[in-house]
>>> print(open('query.pdb').read())   # PDB, C-alpha atoms
ATOM      1  CA  ALA H 538       0.000   0.000   0.000
ATOM      2  CA  ALA H 539       2.780   2.447   0.923
ATOM      3  CA  GLN H 540       4.585   1.707  -2.327
ATOM      4  CA  SER H 541       1.428   2.449  -4.338
ATOM      5  CA  VAL H 542       0.893   5.754  -2.509
ATOM      6  CA  VAL H 543       4.500   6.864  -2.995
ATOM      7  CA  SER H 544       4.343   5.840  -6.654
ATOM      8  CA  ALA H 545       1.238   7.997  -7.155
ATOM      9  CA  LEU H 546       2.831  10.935  -5.328
ATOM     10  CA  LYS H 547       5.997  10.608  -7.413
ATOM     11  CA  SER H 548       3.917  10.683 -10.587
ATOM     12  CA  LEU H 549       2.228  13.897  -9.420
ATOM     13  CA  ALA H 550       5.585  15.442  -8.510
ATOM     14  CA  ASN H 551       6.985  14.584 -11.949
ATOM     15  CA  ASN H 552       4.056  16.493 -13.456
ATOM     16  CA  GLY H 553       5.051  19.684 -11.647
ATOM     17  CA  ARG H 554       3.041  19.397  -8.447
ATOM     18  CA  THR H 555       4.516  20.198  -5.046
ATOM     19  CA  ILE H 556       4.052  17.258  -2.695
ATOM     20  CA  ILE H 557       4.587  17.575   1.058
ATOM     21  CA  CYS H 558       4.160  14.401   3.061
ATOM     22  CA  THR H 559       5.684  12.377   5.867
ATOM     23  CA  ILE H 560       6.546   8.687   5.816
ATOM     24  CA  HIS H 561       7.484   6.608   8.863
ATOM     25  CA  GLN H 562      10.145   3.911   8.586
ATOM     26  CA  PRO H 563       9.850   3.287   4.829
ATOM     27  CA  PRO H 564      10.804  -0.194   3.638
ATOM     28  CA  SER H 565      13.763  -0.500   1.278
ATOM     29  CA  GLU H 566      11.673  -0.742  -1.899
ATOM     30  CA  VAL H 567       9.805   2.455  -0.982
ATOM     31  CA  PHE H 568      12.928   4.333   0.127
ATOM     32  CA  LEU H 569      14.669   3.560  -3.174
ATOM     33  CA  MET H 570      11.829   5.251  -5.099
ATOM     34  CA  PHE H 571      13.028   8.694  -3.957
ATOM     35  CA  ASP H 572      15.474  10.603  -6.186
ATOM     36  CA  LYS H 573      17.085  13.008  -3.708
ATOM     37  CA  LEU H 574      18.012  12.654  -0.062
ATOM     38  CA  LEU H 575      18.454  15.360   2.564
ATOM     39  CA  LEU H 576      19.722  14.370   6.009
ATOM     40  CA  PHE H 577      19.530  16.785   8.940
ATOM     41  CA  ALA H 578      21.306  16.248  12.235
ATOM     42  CA  GLU H 579      21.329  18.677  15.161
ATOM     43  CA  GLY H 580      19.882  21.373  12.897
ATOM     44  CA  ARG H 581      22.673  21.086  10.302
ATOM     45  CA  THR H 582      22.858  19.403   6.916
ATOM     46  CA  ALA H 583      24.665  16.074   6.999
ATOM     47  CA  TYR H 584      23.971  15.074   3.403
ATOM     48  CA  LEU H 585      22.202  16.503   0.384
ATOM     49  CA  GLY H 586      22.318  14.822  -2.994
ATOM     50  CA  ASN H 587      21.240  11.855  -5.037
ATOM     51  CA  LEU H 588      19.903   8.908  -3.116
ATOM     52  CA  GLY H 589      22.483   6.568  -4.654
ATOM     53  CA  GLY H 590      25.393   8.744  -3.526
ATOM     54  CA  ALA H 591      24.684   8.515   0.200
ATOM     55  CA  PRO H 592      26.191   5.024   0.777
ATOM     56  CA  LYS H 593      29.500   6.179  -0.733
ATOM     57  CA  VAL H 594      29.659   9.257   1.520
ATOM     58  CA  PHE H 595      28.906   7.212   4.632
ATOM     59  CA  ALA H 596      31.543   4.655   3.624
ATOM     60  CA  GLU H 597      34.168   7.359   3.066
ATOM     61  CA  LEU H 598      33.536   8.654   6.582
ATOM     62  CA  GLY H 599      33.946   5.199   8.069
ATOM     63  CA  TYR H 600      30.316   4.130   8.321
ATOM     64  CA  PRO H 601      29.563   1.701   5.480
ATOM     65  CA  CYS H 602      26.029   0.397   5.306
ATOM     66  CA  PRO H 603      25.964  -3.371   5.981
ATOM     67  CA  PRO H 604      24.648  -5.580   3.157
ATOM     68  CA  SER H 605      20.903  -6.341   3.206
ATOM     69  CA  TYR H 606      20.370  -3.487   5.686
ATOM     70  CA  ASN H 607      17.608  -0.897   5.230
ATOM     71  CA  HIS H 608      19.452   2.261   4.205
ATOM     72  CA  ALA H 609      16.871   4.565   5.745
ATOM     73  CA  ASP H 610      17.154   2.851   9.136
ATOM     74  CA  PHE H 611      20.953   2.884   8.878
ATOM     75  CA  TYR H 612      21.139   6.630   8.176
ATOM     76  CA  ILE H 613      18.788   7.453  11.035
ATOM     77  CA  HIS H 614      20.611   5.148  13.433
ATOM     78  CA  THR H 615      24.014   6.594  12.502
ATOM     79  CA  LEU H 616      23.011  10.260  12.888
ATOM     80  CA  ALA H 617      20.726   9.843  15.894
ATOM     81  CA  ILE H 618      21.655  11.030  19.377
ATOM     82  CA  ARG H 619      21.554   7.787  21.320
ATOM     83  CA  PRO H 620      20.780   7.851  25.073
ATOM     84  CA  GLY H 621      23.893   7.232  27.161
ATOM     85  CA  GLN H 622      26.139   7.957  24.169
ATOM     86  CA  GLU H 623      25.363  11.613  23.639
ATOM     87  CA  ASN H 624      28.979  12.788  23.280
ATOM     88  CA  GLU H 625      29.934  10.017  20.864
ATOM     89  CA  SER H 626      26.760  10.601  18.831
ATOM     90  CA  ARG H 627      27.347  14.336  18.589
ATOM     91  CA  ALA H 628      30.904  13.689  17.459
ATOM     92  CA  VAL H 629      29.601  11.517  14.633
ATOM     93  CA  VAL H 630      27.064  14.183  13.682
ATOM     94  CA  LYS H 631      29.758  16.873  13.678
ATOM     95  CA  LYS H 632      31.933  14.710  11.460
ATOM     96  CA  PHE H 633      29.185  14.396   8.846
ATOM     97  CA  THR H 634      28.006  18.004   8.972
ATOM     98  CA  ASP H 635      31.547  19.404   8.820
ATOM     99  CA  SER H 636      32.344  17.134   5.894
ATOM    100  CA  TYR H 637      29.283  18.314   4.012
ATOM    101  CA  ARG H 638      30.104  21.949   4.770
ATOM    102  CA  ALA H 639      33.683  21.531   3.527
ATOM    103  CA  LYS H 640      32.557  19.921   0.262
ATOM    104  CA  GLU H 641      30.038  22.679  -0.375
ATOM    105  CA  GLU H 642      32.635  25.385   0.257
ATOM    106  CA  GLU H 643      35.020  23.687  -2.135
ATOM    107  CA  SER H 644      32.389  23.642  -4.854
ATOM    108  CA  GLY H 645      31.628  27.326  -4.282
ATOM    109  CA  ILE H 646      27.958  26.815  -3.510
ATOM    110  CA  LEU H 647      28.180  28.488  -0.123
ATOM    111  CA  GLN H 648      30.358  31.442  -1.153
ATOM    112  CA  ASN H 649      27.427  33.650  -2.171
ATOM    113  CA  PRO H 650      24.311  32.063  -0.757
ATOM    114  CA  GLU H 651      21.017  33.687  -1.557
ATOM    115  CA  PRO H 652      19.482  35.343   1.551
ATOM    116  CA  PRO H 653      16.492  33.378   2.863
ATOM    117  CA  SER H 654      14.162  36.370   2.554
ATOM    118  CA  GLU H 655      15.066  36.865  -1.123
ATOM    119  CA  LEU H 656      14.762  33.143  -1.776
ATOM    120  CA  MET H 657      11.271  33.065  -0.227
ATOM    121  CA  THR H 658      10.190  36.166  -2.157
ATOM    122  CA  ARG H 659      11.406  34.700  -5.430
ATOM    123  CA  THR H 660       9.726  31.357  -4.734
ATOM    124  CA  LEU H 661       6.399  32.994  -3.893
ATOM    125  CA  ARG H 662       6.622  35.150  -7.012
ATOM    126  CA  GLU H 663       7.215  32.094  -9.175
ATOM    127  CA  MET H 664       4.293  30.282  -7.546
ATOM    128  CA  SER H 665       1.958  33.265  -8.012
ATOM    129  CA  HIS H 666       2.727  33.342 -11.748
ATOM    130  CA  ARG H 667       2.452  29.620 -12.230
ATOM    131  CA  ARG H 668      -0.185  28.733 -14.774
ATOM    132  CA  GLY H 669      -2.403  25.712 -14.416
ATOM    133  CA  GLU H 670      -3.693  23.378 -17.079
ATOM    134  CA  SER H 671      -5.878  24.636 -19.918
ATOM    135  CA  TRP H 672      -9.580  24.980 -19.204
ATOM    136  CA  VAL H 673     -10.294  22.062 -21.553
ATOM    137  CA  THR H 674      -8.062  19.765 -19.479
ATOM    138  CA  GLN H 675      -9.535  21.102 -16.263
ATOM    139  CA  LEU H 676     -13.048  20.505 -17.575
ATOM    140  CA  ARG H 677     -12.249  16.943 -18.653
ATOM    141  CA  LEU H 678     -10.536  15.910 -15.421
ATOM    142  CA  ILE H 679     -12.981  17.558 -13.019
ATOM    143  CA  MET H 680     -15.919  16.197 -15.009
ATOM    144  CA  TRP H 681     -14.527  12.684 -14.616
ATOM    145  CA  ARG H 682     -13.833  13.232 -10.907
ATOM    146  CA  SER H 683     -17.341  14.579 -10.330
ATOM    147  CA  PHE H 684     -18.953  11.663 -12.140
ATOM    148  CA  VAL H 685     -16.906   9.105 -10.194
ATOM    149  CA  SER H 686     -17.701  10.917  -6.944
ATOM    150  CA  SER H 687     -21.425  10.807  -7.749
ATOM    151  CA  THR H 688     -21.531   7.109  -8.605
ATOM    152  CA  ARG H 689     -18.867   5.338  -6.536
ATOM    153  CA  ASP H 690     -20.845   5.293  -3.283
ATOM    154  CA  PHE H 691     -23.253   2.460  -4.054
ATOM    155  CA  GLN H 692     -25.004   2.865  -0.713
ATOM    156  CA  VAL H 693     -25.968   6.464  -1.481
ATOM    157  CA  VAL H 694     -26.969   5.561  -5.039
ATOM    158  CA  GLY H 695     -29.118   2.709  -3.697
ATOM    159  CA  VAL H 696     -30.800   4.955  -1.128
ATOM    160  CA  GLN H 697     -31.562   7.585  -3.776
ATOM    161  CA  LEU H 698     -32.961   4.929  -6.099
ATOM    162  CA  MET H 699     -35.140   3.515  -3.315
ATOM    163  CA  GLN H 700     -36.282   7.039  -2.424
ATOM    164  CA  THR H 701     -37.285   7.648  -6.059
ATOM    165  CA  ILE H 702     -39.296   4.431  -6.239
ATOM    166  CA  VAL H 703     -41.015   4.947  -2.868
ATOM    167  CA  MET H 704     -41.929   8.577  -3.630
ATOM    168  CA  ALA H 705     -43.238   7.612  -7.073
ATOM    169  CA  LEU H 706     -45.381   4.825  -5.619
ATOM    170  CA  LEU H 707     -46.646   7.115  -2.858
ATOM    171  CA  PHE H 708     -47.755   9.854  -5.251
ATOM    172  CA  GLY H 709     -49.067   7.340  -7.747
ATOM    173  CA  LEU H 710     -51.231   5.623  -5.127
ATOM    174  CA  VAL H 711     -52.444   8.883  -3.564
ATOM    175  CA  PHE H 712     -53.502  10.178  -6.996
ATOM    176  CA  LEU H 713     -54.433   6.721  -8.313
ATOM    177  CA  GLN H 714     -56.266   7.079 -11.650
ATOM    178  CA  ILE H 715     -57.303  10.602 -10.641
ATOM    179  CA  ALA H 716     -56.750  11.886 -14.183
ATOM    180  CA  LYS H 717     -59.524   9.700 -15.602
ATOM    181  CA  GLY H 718     -62.696  11.423 -16.753
ATOM    182  CA  GLN H 719     -63.879  14.033 -19.228
ATOM    183  CA  ASP H 720     -65.148  16.905 -17.053
ATOM    184  CA  GLN H 721     -63.744  19.981 -15.311
ATOM    185  CA  THR H 722     -62.837  17.922 -12.265
ATOM    186  CA  ARG H 723     -60.376  15.948 -14.379
ATOM    187  CA  VAL H 724     -58.615  19.163 -15.378
ATOM    188  CA  GLN H 725     -58.311  20.242 -11.757
ATOM    189  CA  ASN H 726     -57.086  16.793 -10.756
ATOM    190  CA  ILE H 727     -54.407  16.816 -13.421
ATOM    191  CA  SER H 728     -53.293  20.299 -12.386
ATOM    192  CA  GLY H 729     -53.071  19.350  -8.694
ATOM    193  CA  ALA H 730     -51.315  16.045  -9.362
ATOM    194  CA  GLY H 731     -48.819  17.674 -11.708
ATOM    195  CA  LEU H 732     -48.019  20.386  -9.167
ATOM    196  CA  MET H 733     -47.483  17.920  -6.340
ATOM    197  CA  VAL H 734     -45.263  15.719  -8.516
ATOM    198  CA  LEU H 735     -43.072  18.715  -9.392
ATOM    199  CA  VAL H 736     -42.928  19.770  -5.725
ATOM    200  CA  ALA H 737     -41.805  16.260  -4.787
ATOM    201  CA  ALA H 738     -39.165  16.294  -7.513
ATOM    202  CA  PHE H 739     -37.957  19.703  -6.302
ATOM    203  CA  PHE H 740     -37.505  18.777  -2.656
ATOM    204  CA  THR H 741     -35.977  15.346  -3.298
ATOM    205  CA  THR H 742     -33.393  17.055  -5.520
ATOM    206  CA  VAL H 743     -32.603  20.250  -3.662
ATOM    207  CA  TYR H 744     -31.867  18.813  -0.209
ATOM    208  CA  PRO H 745     -28.903  16.613  -1.237
ATOM    209  CA  ILE H 746     -27.487  19.397  -3.443
ATOM    210  CA  VAL H 747     -27.405  22.091  -0.733
ATOM    211  CA  GLN H 748     -25.003  19.933   1.287
ATOM    212  CA  VAL H 749     -22.479  19.516  -1.541
ATOM    213  CA  LEU H 750     -20.453  22.713  -1.176
ATOM    214  CA  PRO H 751     -20.236  22.715   2.647
ATOM    215  CA  ALA H 752     -18.769  19.202   2.400
ATOM    216  CA  GLU H 753     -16.288  20.059  -0.373
ATOM    217  CA  VAL H 754     -15.468  23.736   0.186
ATOM    218  CA  VAL H 755     -12.117  22.969   1.856
ATOM    219  CA  VAL H 756     -10.977  20.903  -1.130
ATOM    220  CA  LEU H 757     -12.319  23.511  -3.565
ATOM    221  CA  ILE H 758     -10.441  26.391  -1.898
ATOM    222  CA  ARG H 759      -7.237  24.354  -1.637
ATOM    223  CA  ASP H 760      -7.335  23.296  -5.283
ATOM    224  CA  HIS H 761      -8.139  26.842  -6.418
ATOM    225  CA  ASP H 762      -5.227  28.267  -4.408
ATOM    226  CA  ASN H 763      -2.981  25.684  -6.065
ATOM    227  CA  LYS H 764      -4.275  26.844  -9.470
ATOM    228  CA  MET H 765      -5.548  23.356 -10.271
ATOM    229  CA  TYR H 766      -8.885  24.543 -11.673
ATOM    230  CA  LYS H 767     -11.224  27.513 -11.646
ATOM    231  CA  PRO H 768     -14.421  27.660  -9.538
ATOM    232  CA  TRP H 769     -16.689  27.900 -12.601
ATOM    233  CA  ILE H 770     -15.133  24.668 -13.905
ATOM    234  CA  TYR H 771     -16.007  22.979 -10.617
ATOM    235  CA  PHE H 772     -19.650  24.111 -10.681
ATOM    236  CA  ILE H 773     -20.200  23.230 -14.339
ATOM    237  CA  CYS H 774     -18.745  19.760 -13.856
ATOM    238  CA  LYS H 775     -20.535  19.161 -10.581
ATOM    239  CA  TYR H 776     -23.829  20.163 -12.186
ATOM    240  CA  THR H 777     -23.357  18.328 -15.480
ATOM    241  CA  ALA H 778     -21.963  15.068 -14.066
ATOM    242  CA  GLN H 779     -25.225  14.508 -12.199
ATOM    243  CA  ILE H 780     -27.446  14.843 -15.293
ATOM    244  CA  PRO H 781     -27.137  11.191 -16.488
ATOM    245  CA  ILE H 782     -28.107  10.012 -13.011
ATOM    246  CA  ASP H 783     -30.991  12.511 -12.951
ATOM    247  CA  ILE H 784     -32.270  11.134 -16.255
ATOM    248  CA  VAL H 785     -32.296   7.563 -14.895
ATOM    249  CA  TYR H 786     -34.077   8.545 -11.683
ATOM    250  CA  ASN H 787     -36.606  10.717 -13.527
ATOM    251  CA  ILE H 788     -37.431   7.987 -16.053
ATOM    252  CA  ILE H 789     -38.139   5.581 -13.182
ATOM    253  CA  PHE H 790     -40.197   8.217 -11.389
ATOM    254  CA  THR H 791     -42.156   9.058 -14.555
ATOM    255  CA  LEU H 792     -42.835   5.441 -15.493
ATOM    256  CA  ILE H 793     -44.416   4.782 -12.099
ATOM    257  CA  THR H 794     -46.376   7.995 -11.528
ATOM    258  CA  TYR H 795     -47.550   8.597 -15.084
ATOM    259  CA  PHE H 796     -49.528   5.386 -15.430
ATOM    260  CA  LEU H 797     -50.672   5.158 -11.795
ATOM    261  CA  ILE H 798     -52.153   8.660 -11.930
ATOM    262  CA  GLY H 799     -53.877   7.754 -15.175
ATOM    263  CA  PHE H 800     -52.515  10.294 -17.629
ATOM    264  CA  ARG H 801     -53.254   9.876 -21.319
ATOM    265  CA  VAL H 802     -51.508   6.864 -22.858
ATOM    266  CA  ASP H 803     -49.540   8.635 -25.533
ATOM    267  CA  VAL H 804     -45.797   8.602 -26.286
ATOM    268  CA  GLU H 805     -45.606  12.343 -26.912
ATOM    269  CA  ALA H 806     -47.540  13.183 -23.759
ATOM    270  CA  PHE H 807     -45.364  10.808 -21.734
ATOM    271  CA  PHE H 808     -42.125  12.457 -22.842
ATOM    272  CA  ILE H 809     -43.580  15.944 -22.295
ATOM    273  CA  PHE H 810     -44.378  14.911 -18.724
ATOM    274  CA  PHE H 811     -40.898  13.414 -18.354
ATOM    275  CA  GLY H 812     -39.287  16.555 -19.775
ATOM    276  CA  LEU H 813     -41.164  18.789 -17.336
ATOM    277  CA  ILE H 814     -40.000  16.704 -14.371
ATOM    278  CA  LEU H 815     -36.413  16.675 -15.680
ATOM    279  CA  LEU H 816     -36.441  20.449 -16.160
ATOM    280  CA  GLY H 817     -37.910  20.844 -12.684
ATOM    281  CA  THR H 818     -35.096  18.815 -11.139
ATOM    282  CA  GLN H 819     -32.489  20.861 -13.038
ATOM    283  CA  VAL H 820     -34.000  24.083 -11.705
ATOM    284  CA  ALA H 821     -33.964  22.550  -8.232
ATOM    285  CA  LYS H 822     -30.278  21.694  -8.687
ATOM    286  CA  ALA H 823     -29.458  25.249  -9.734
ATOM    287  CA  ILE H 824     -31.294  26.661  -6.714
ATOM    288  CA  GLY H 825     -29.581  24.056  -4.518
ATOM    289  CA  PHE H 826     -26.144  25.162  -5.678
ATOM    290  CA  LEU H 827     -27.099  28.802  -5.081
ATOM    291  CA  ILE H 828     -28.234  28.016  -1.531
ATOM    292  CA  SER H 829     -25.155  25.858  -1.021
ATOM    293  CA  ALA H 830     -22.904  28.752  -2.036
ATOM    294  CA  ILE H 831     -24.686  31.135   0.349
ATOM    295  CA  GLY H 832     -24.347  28.778   3.304
ATOM    296  CA  PHE H 833     -21.077  27.157   2.237
ATOM    297  CA  ASP H 834     -19.512  27.272   5.700
ATOM    298  CA  LYS H 835     -22.328  25.383   7.444
ATOM    299  CA  ALA H 836     -24.686  22.775   6.031
ATOM    300  CA  GLU H 837     -27.296  23.678   8.671
ATOM    301  CA  VAL H 838     -27.523  27.229   7.316
ATOM    302  CA  ALA H 839     -27.995  25.954   3.770
ATOM    303  CA  LEU H 840     -30.720  23.515   4.821
ATOM    304  CA  ASN H 841     -32.651  26.264   6.608
ATOM    305  CA  LEU H 842     -32.464  28.488   3.525
ATOM    306  CA  VAL H 843     -34.255  25.895   1.398
ATOM    307  CA  THR H 844     -37.657  26.838   2.846
ATOM    308  CA  LEU H 845     -37.001  30.528   2.243
ATOM    309  CA  PHE H 846     -36.437  29.864  -1.450
ATOM    310  CA  ALA H 847     -39.014  27.112  -1.918
ATOM    311  CA  VAL H 848     -42.119  28.701  -0.344
ATOM    312  CA  PRO H 849     -42.370  31.671  -2.789
ATOM    313  CA  PHE H 850     -42.134  29.277  -5.747
ATOM    314  CA  MET H 851     -44.938  27.153  -4.289
ATOM    315  CA  LEU H 852     -47.149  30.182  -3.548
ATOM    316  CA  PHE H 853     -46.864  31.527  -7.098
ATOM    317  CA  SER H 854     -46.890  28.174  -8.890
TER     318      SER H 854
END
>>> encode(input="query.pdb", output="structure tokens")
Amino acid sequence: AAQSVVSALKSLANNGRTIICTIHQPPSEVFLMFDKLLLFAEGRTAYLGNLGGAPKVFAELGYPCPPSYNHADFYIHTLAIRPGQENESRAVVKKFTDSYRAKEEESGILQNPEPPSELMTRTLREMSHRRGESWVTQLRLIMWRSFVSSTRDFQVVGVQLMQTIVMALLFGLVFLQIAKGQDQTRVQNISGAGLMVLVAAFFTTVYPIVQVLPAEVVVLIRDHDNKMYKPWIYFICKYTAQIPIDIVYNIIFTLITYFLIGFRVDVEAFFIFFGLILLGTQVAKAIGFLISAIGFDKAEVALNLVTLFAVPFMLFS
């Protein structure tokens, strides 16, 4: 598992990403995956260079790494301050740090070192001007991530599917064959049933959506600060990736309610009814994202705002 994680992190680093992580007692196969090695001891640099060059340096200073020994454990053990042997340990550390310092002075690296403040300023300036991927690449990758995120949790998908079926059966049985007839009452029944179906579609869609941004705002802000993608890319992908799932749920909902309520058996009328429900759910999603953005810091705030937005639509519907 550790080897897979380090391999993925190395791939990201090779693509220009800055990776900061910690790893505890890496096995030999994981340790050998790193390219560079920096060893600190008592606040000073003991070694800095290619990973493969460290054994030679340790051997030159009289500390060869035994065969079949984990190099990472050997380096730590050699440069550690061991209890009861503090003076001897510090002498070893001084030997390594002085050797590194002498080699750097010989190469001229330390003759005119860049001041830390100027180095930090230059680094921050380079990071601020770093450009991310093109918007097409961002759109493709975030779209894929959003779709996977929406479908990988089979428990949530199953609950939403069960909710769709139960709600459809409930409304279908409450308004069972209510659209039958040829008088004014039939028109009123159809109007009332259609309104209630759209209200049900609205609320079953908007409540899960308003909790999206509060759950993902930390990741969104972090990725935006790292110039990985723009916020409008995130919202477009998050909205669009859900549409195929919405179509499946709405078809199931329409198939159950349409025939239980007793609407006219006609292909064109069926798809008009389906289209109205699908459009209603898309409007609910848009309102849900708006509410989610308003109450992004707390899901409770977003949930309470749903009523404020929903009631006026119901009153004037």
>>> atom_distance(input="query.pdb", atom1="atom CA of Val694 of chain H", atom2="atom CA of Val747 of chain H")
17.1 Å
>>> resolve_selection(input="query.pdb", expression="the PyMOL selection byres ((chain H and resi 812) around 12)", output="PyMOL selection string")
chain H and resi 735+783-784+787-788+790-791+805-811+813-819
>>> resolve_selection(input="query.pdb", expression="the PyMOL selection byres ((chain H and resi 588) around 8)", output="list in words")
Leu569, Phe571, Asp572, Lys573, Leu574, Gly586, Asn587, Gly589, Gly590 and Ala591 of chain H
>>> write_last_selection(input="query.pdb", atoms="C-alpha atoms", output="PDB file, keeping the file's coordinate frame")
ATOM      1  CA  LEU H 569      14.669   3.560  -3.174  1.00  0.00           C
ATOM      2  CA  PHE H 571      13.028   8.694  -3.957  1.00  0.00           C
ATOM      3  CA  ASP H 572      15.474  10.603  -6.186  1.00  0.00           C
ATOM      4  CA  LYS H 573      17.085  13.008  -3.708  1.00  0.00           C
ATOM      5  CA  LEU H 574      18.012  12.654  -0.062  1.00  0.00           C
ATOM      6  CA  GLY H 586      22.318  14.822  -2.994  1.00  0.00           C
ATOM      7  CA  ASN H 587      21.240  11.855  -5.037  1.00  0.00           C
ATOM      8  CA  GLY H 589      22.483   6.568  -4.654  1.00  0.00           C
ATOM      9  CA  GLY H 590      25.393   8.744  -3.526  1.00  0.00           C
ATOM     10  CA  ALA H 591      24.684   8.515   0.200  1.00  0.00           C
TER      11      ALA H 591
END
>>> resolve_selection(input="query.pdb", expression="the PyMOL selection byres ((chain H and resi 583) around 7)", output="PyMOL selection string")
chain H and resi 576-578+581-582+584+633-634+637
>>> residues_around(input="query.pdb", residues="segment 793-802 of chain H", least_positions_apart="6", cutoff="9 Å", atoms="all atoms listed in the file", output="list in words")
Ile702, Ala705, Leu706, Leu707, Phe708, Gly709, Leu710, Val711, Phe712, Leu713, Gln714, Ile715, Ala716, Lys717, Ile727, Ala730, Val734, Phe810 and Phe811 of chain H
>>> atom_distance(input="query.pdb", atom1="atom CA of Arg619 of chain H", atom2="atom CA of Pro564 of chain H")
22.2 Å
>>> atom_distance(input="query.pdb", atom1="atom CA of Glu837 of chain H", atom2="atom CA of Val785 of chain H")
29.0 Å
>>> closest_residue(input="query.pdb", among="H:Val754, H:Glu566, H:Tyr766, H:Val543", to="Ser605 of chain H", atoms="only C-alpha atoms")
H:Glu566
>>> residues_near_point(input="query.pdb", point="(4.5, 5.6, -1.9)", cutoff="10 Å", atoms="all atoms listed in the file", output="list in words")
Ala538, Ala539, Gln540, Ser541, Val542, Val543, Ser544, Ala545, Leu546, Lys547, Ile560, Pro563, Glu566, Val567, Phe568, Met570 and Phe571 of chain H
>>> decode(input="query.pdb", residues="segment 780-785 of chain H", atoms="all heavy atoms", output="PDB file, in the first residue's frame")
ATOM      1  N   ILE H 780     -26.322  14.909 -14.354  1.00  0.00           N
ATOM      2  CA  ILE H 780     -27.446  14.843 -15.293  1.00  0.00           C
ATOM      3  C   ILE H 780     -27.765  13.413 -15.733  1.00  0.00           C
ATOM      4  O   ILE H 780     -28.943  13.028 -15.752  1.00  0.00           O
ATOM      5  CB  ILE H 780     -27.183  15.759 -16.504  1.00  0.00           C
ATOM      6  CG1 ILE H 780     -27.233  17.223 -16.064  1.00  0.00           C
ATOM      7  CG2 ILE H 780     -28.211  15.508 -17.606  1.00  0.00           C
ATOM      8  CD1 ILE H 780     -26.973  18.220 -17.173  1.00  0.00           C
ATOM      9  N   PRO H 781     -26.778  12.575 -16.118  1.00  0.00           N
ATOM     10  CA  PRO H 781     -27.137  11.191 -16.488  1.00  0.00           C
ATOM     11  C   PRO H 781     -27.860  10.441 -15.375  1.00  0.00           C
ATOM     12  O   PRO H 781     -28.803   9.682 -15.639  1.00  0.00           O
ATOM     13  CB  PRO H 781     -25.778  10.552 -16.800  1.00  0.00           C
ATOM     14  CG  PRO H 781     -24.895  11.694 -17.174  1.00  0.00           C
ATOM     15  CD  PRO H 781     -25.340  12.830 -16.319  1.00  0.00           C
ATOM     16  N   ILE H 782     -27.437  10.661 -14.141  1.00  0.00           N
ATOM     17  CA  ILE H 782     -28.107  10.012 -13.011  1.00  0.00           C
ATOM     18  C   ILE H 782     -29.516  10.572 -12.842  1.00  0.00           C
ATOM     19  O   ILE H 782     -30.469   9.826 -12.558  1.00  0.00           O
ATOM     20  CB  ILE H 782     -27.285  10.211 -11.724  1.00  0.00           C
ATOM     21  CG1 ILE H 782     -25.869   9.658 -11.927  1.00  0.00           C
ATOM     22  CG2 ILE H 782     -27.952   9.537 -10.532  1.00  0.00           C
ATOM     23  CD1 ILE H 782     -24.939   9.927 -10.779  1.00  0.00           C
ATOM     24  N   ASP H 783     -29.666  11.896 -13.038  1.00  0.00           N
ATOM     25  CA  ASP H 783     -30.991  12.511 -12.951  1.00  0.00           C
ATOM     26  C   ASP H 783     -31.936  11.914 -13.992  1.00  0.00           C
ATOM     27  O   ASP H 783     -33.112  11.674 -13.710  1.00  0.00           O
ATOM     28  CB  ASP H 783     -30.891  14.024 -13.165  1.00  0.00           C
ATOM     29  CG  ASP H 783     -30.140  14.718 -12.040  1.00  0.00           C
ATOM     30  OD1 ASP H 783     -30.068  14.147 -10.946  1.00  0.00           O
ATOM     31  OD2 ASP H 783     -29.617  15.823 -12.278  1.00  0.00           O
ATOM     32  N   ILE H 784     -31.431  11.691 -15.191  1.00  0.00           N
ATOM     33  CA  ILE H 784     -32.270  11.134 -16.255  1.00  0.00           C
ATOM     34  C   ILE H 784     -32.776   9.745 -15.870  1.00  0.00           C
ATOM     35  O   ILE H 784     -33.964   9.419 -16.036  1.00  0.00           O
ATOM     36  CB  ILE H 784     -31.489  11.078 -17.573  1.00  0.00           C
ATOM     37  CG1 ILE H 784     -31.217  12.507 -18.077  1.00  0.00           C
ATOM     38  CG2 ILE H 784     -32.251  10.283 -18.632  1.00  0.00           C
ATOM     39  CD1 ILE H 784     -30.341  12.567 -19.316  1.00  0.00           C
ATOM     40  N   VAL H 785     -31.896   8.916 -15.301  1.00  0.00           N
ATOM     41  CA  VAL H 785     -32.296   7.563 -14.895  1.00  0.00           C
ATOM     42  C   VAL H 785     -33.359   7.632 -13.800  1.00  0.00           C
ATOM     43  O   VAL H 785     -34.411   6.963 -13.886  1.00  0.00           O
ATOM     44  CB  VAL H 785     -31.071   6.760 -14.418  1.00  0.00           C
ATOM     45  CG1 VAL H 785     -31.506   5.405 -13.847  1.00  0.00           C
ATOM     46  CG2 VAL H 785     -30.088   6.555 -15.563  1.00  0.00           C
TER      47      VAL H 785
END
